[in-house]
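Read the structure below first, then the notes.
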Amino acid sequence: MKKCTQCGEIKALTEFYHHRRHSTGFTSECKRCKTTITAAYGKTPKGREVRKKAYRTWREKPSSREVVRRNGRTFYARRTEAQKERHRELHRNFTHKRRETVIVAYGGRCSCCDERRNVFLTIDHVNNNGKEDRKRFKTSTALYKHIIESNFPSDYQLLCWNCNLGRQQNGGICPHITETDYGPNC
């Protein structure tokens with residue numbers, strides 16, 4: 001047990017950072033207080049300058065960048081196939097959860113034909129600007145993230161794959177709509 005010099009509370013040693021130079025082997029402030037002090041210092045002009053100088057020094061030292069690159073390469077090279085598969089599985093689950101969130105937010109059904117099975121549903125760009133979005137976001141995960149962070153904009157809608165491709169092939173109008181208005185295209 002140790003008393004924090006900032007908040008005055010008596011806390012367990014696990015609530016303090018290790019420090020070799022202190023007689024007790026721990027900092028005199030608890031972790032919460034130390035974080036607050038460090039954040040406040042970082043917002044002062046002197047603190048910002050110290051941080052910039054340290055970063056500049058580190059960045060200009062080629063050995064530092066090479067160490068980071070080498071460590072990254074070593075980490076990825078050491079991963080076993082099971083670890084790689086676990087990472088892939090986590091990523092698939094993460095993408096699946098985001099997709100489910102978007103589907104639920106847009107009503108969970110095709111805007112044209114009322115298809116409700118999630119495997120058939122896809123995001124459609126109402127303004128036919130999908131090409132720009134594909135360049136901008138590159139992956140479906142990034143698109144789902146954008147949609148969620150933008151609070152589900154009206155620029156997107158849910159369509160099933162048939163309606164989405166039908167719109168593309170039929171000049172922006174789904175074949176279901178032309179069948180309803182003009183009869184079946186036989």
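Residue numbering restarts at 1 in every chain; chains get A, B, ... in the order shown in the structure tokens, and ligands count up from 1 in that same order.
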
Excluding stretch 143-154 of chain A and its own-chain neighbours fewer than 3 positions away, which residues fall within 9 Å of it when counting only C-alpha atoms? Please give them as a PyMOL selection string. chain A and resi 95+98-99+101-102+105-106+126+133-134+136-140+157

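Close contacts of stretch 16-19 of chain A, defined as residues with an atom at most 7 Å away when counting only C-alpha atoms, with chain neighbours fewer than 5 positions off set aside, comprise Gly25, Phe26, Thr27, Glu29, Cys30 and Lys31 of chain A.
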
Okay, now the selection with C-alpha atoms, as a compact mmCIF listing (two decimals), in the first residue's frame?
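To be explicit, this is the file written out as result.txt:
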# COMPACT_ATOMS: atom_id res chain seq x y z
CA GLY A 25 10.61 1.47 -6.75
CA PHE A 26 7.36 3.20 -7.74
CA THR A 27 6.31 6.71 -8.77
CA GLU A 29 1.75 9.67 -8.02
CA CYS A 30 -0.82 6.98 -8.81
CA LYS A 31 -1.39 6.02 -12.46

Restrict the calculation to only C-alpha atoms, then for each residue of stretch 93-138 of chain A with any atom at most 8 Å from an atom of stretch 159-168 of chain A give the closest atom pair and their distance in Å to one decimal, rows by chain and rising residue number, as a Markdown table.
| residue | atom | partner | partner_atom | distance |
| --- | --- | --- | --- | --- |
| A:Arg109 | CA | A:Leu159 | CA | 7.3 |
| A:Cys110 | CA | A:Leu159 | CA | 4.3 |
| A:Ser111 | CA | A:Leu159 | CA | 5.6 |
| A:Cys112 | CA | A:Leu159 | CA | 6.7 |
| A:Cys113 | CA | A:Cys163 | CA | 7.7 |
| A:Glu115 | CA | A:Cys160 | CA | 6.5 |
| A:Phe120 | CA | A:Cys160 | CA | 5.1 |
| A:Leu121 | CA | A:Cys160 | CA | 4.2 |
| A:Thr122 | CA | A:Leu159 | CA | 5.6 |
| A:Ile123 | CA | A:Leu159 | CA | 6.4 |
| A:Asp124 | CA | A:Leu159 | CA | 6.1 |

Which of chain A counts as strand (DSSP E) under DSSP, as a list in words please?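 Strand (DSSP E) members of chain A, listed: Lys2, Lys3, Ile10, Lys11, Phe16, Tyr17, His18, Phe26, Thr27, Ser28, Glu29, Cys30, Leu121, Thr122, Ile123, Asp124, His125, Tyr156, Gln157, Leu158, Leu159 and Cys160 of chain A.
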
For the helix (DSSP H, G or I) assignment from backbone DSSP, which residues of stretch 5-171 of chain A qualify? Please present them as JSON, numbers by chain. {"A": [13, 14, 15, 31, 32, 33, 34, 35, 36, 37, 38, 39, 40, 41, 42, 43, 45, 46, 47, 48, 49, 50, 51, 52, 53, 54, 55, 56, 57, 58, 59, 60, 62, 63, 64, 65, 66, 67, 68, 69, 70, 71, 72, 73, 74, 75, 76, 77, 78, 81, 82, 83, 84, 85, 86, 87, 88, 89, 90, 91, 92, 93, 94, 95, 96, 97, 98, 99, 100, 101, 102, 103, 104, 105, 118, 119, 120, 130, 131, 132, 133, 134, 135, 136, 137, 140, 141, 142, 143, 144, 145, 146, 147, 148, 149, 161, 162, 163, 164, 165, 166, 167, 168, 169]}
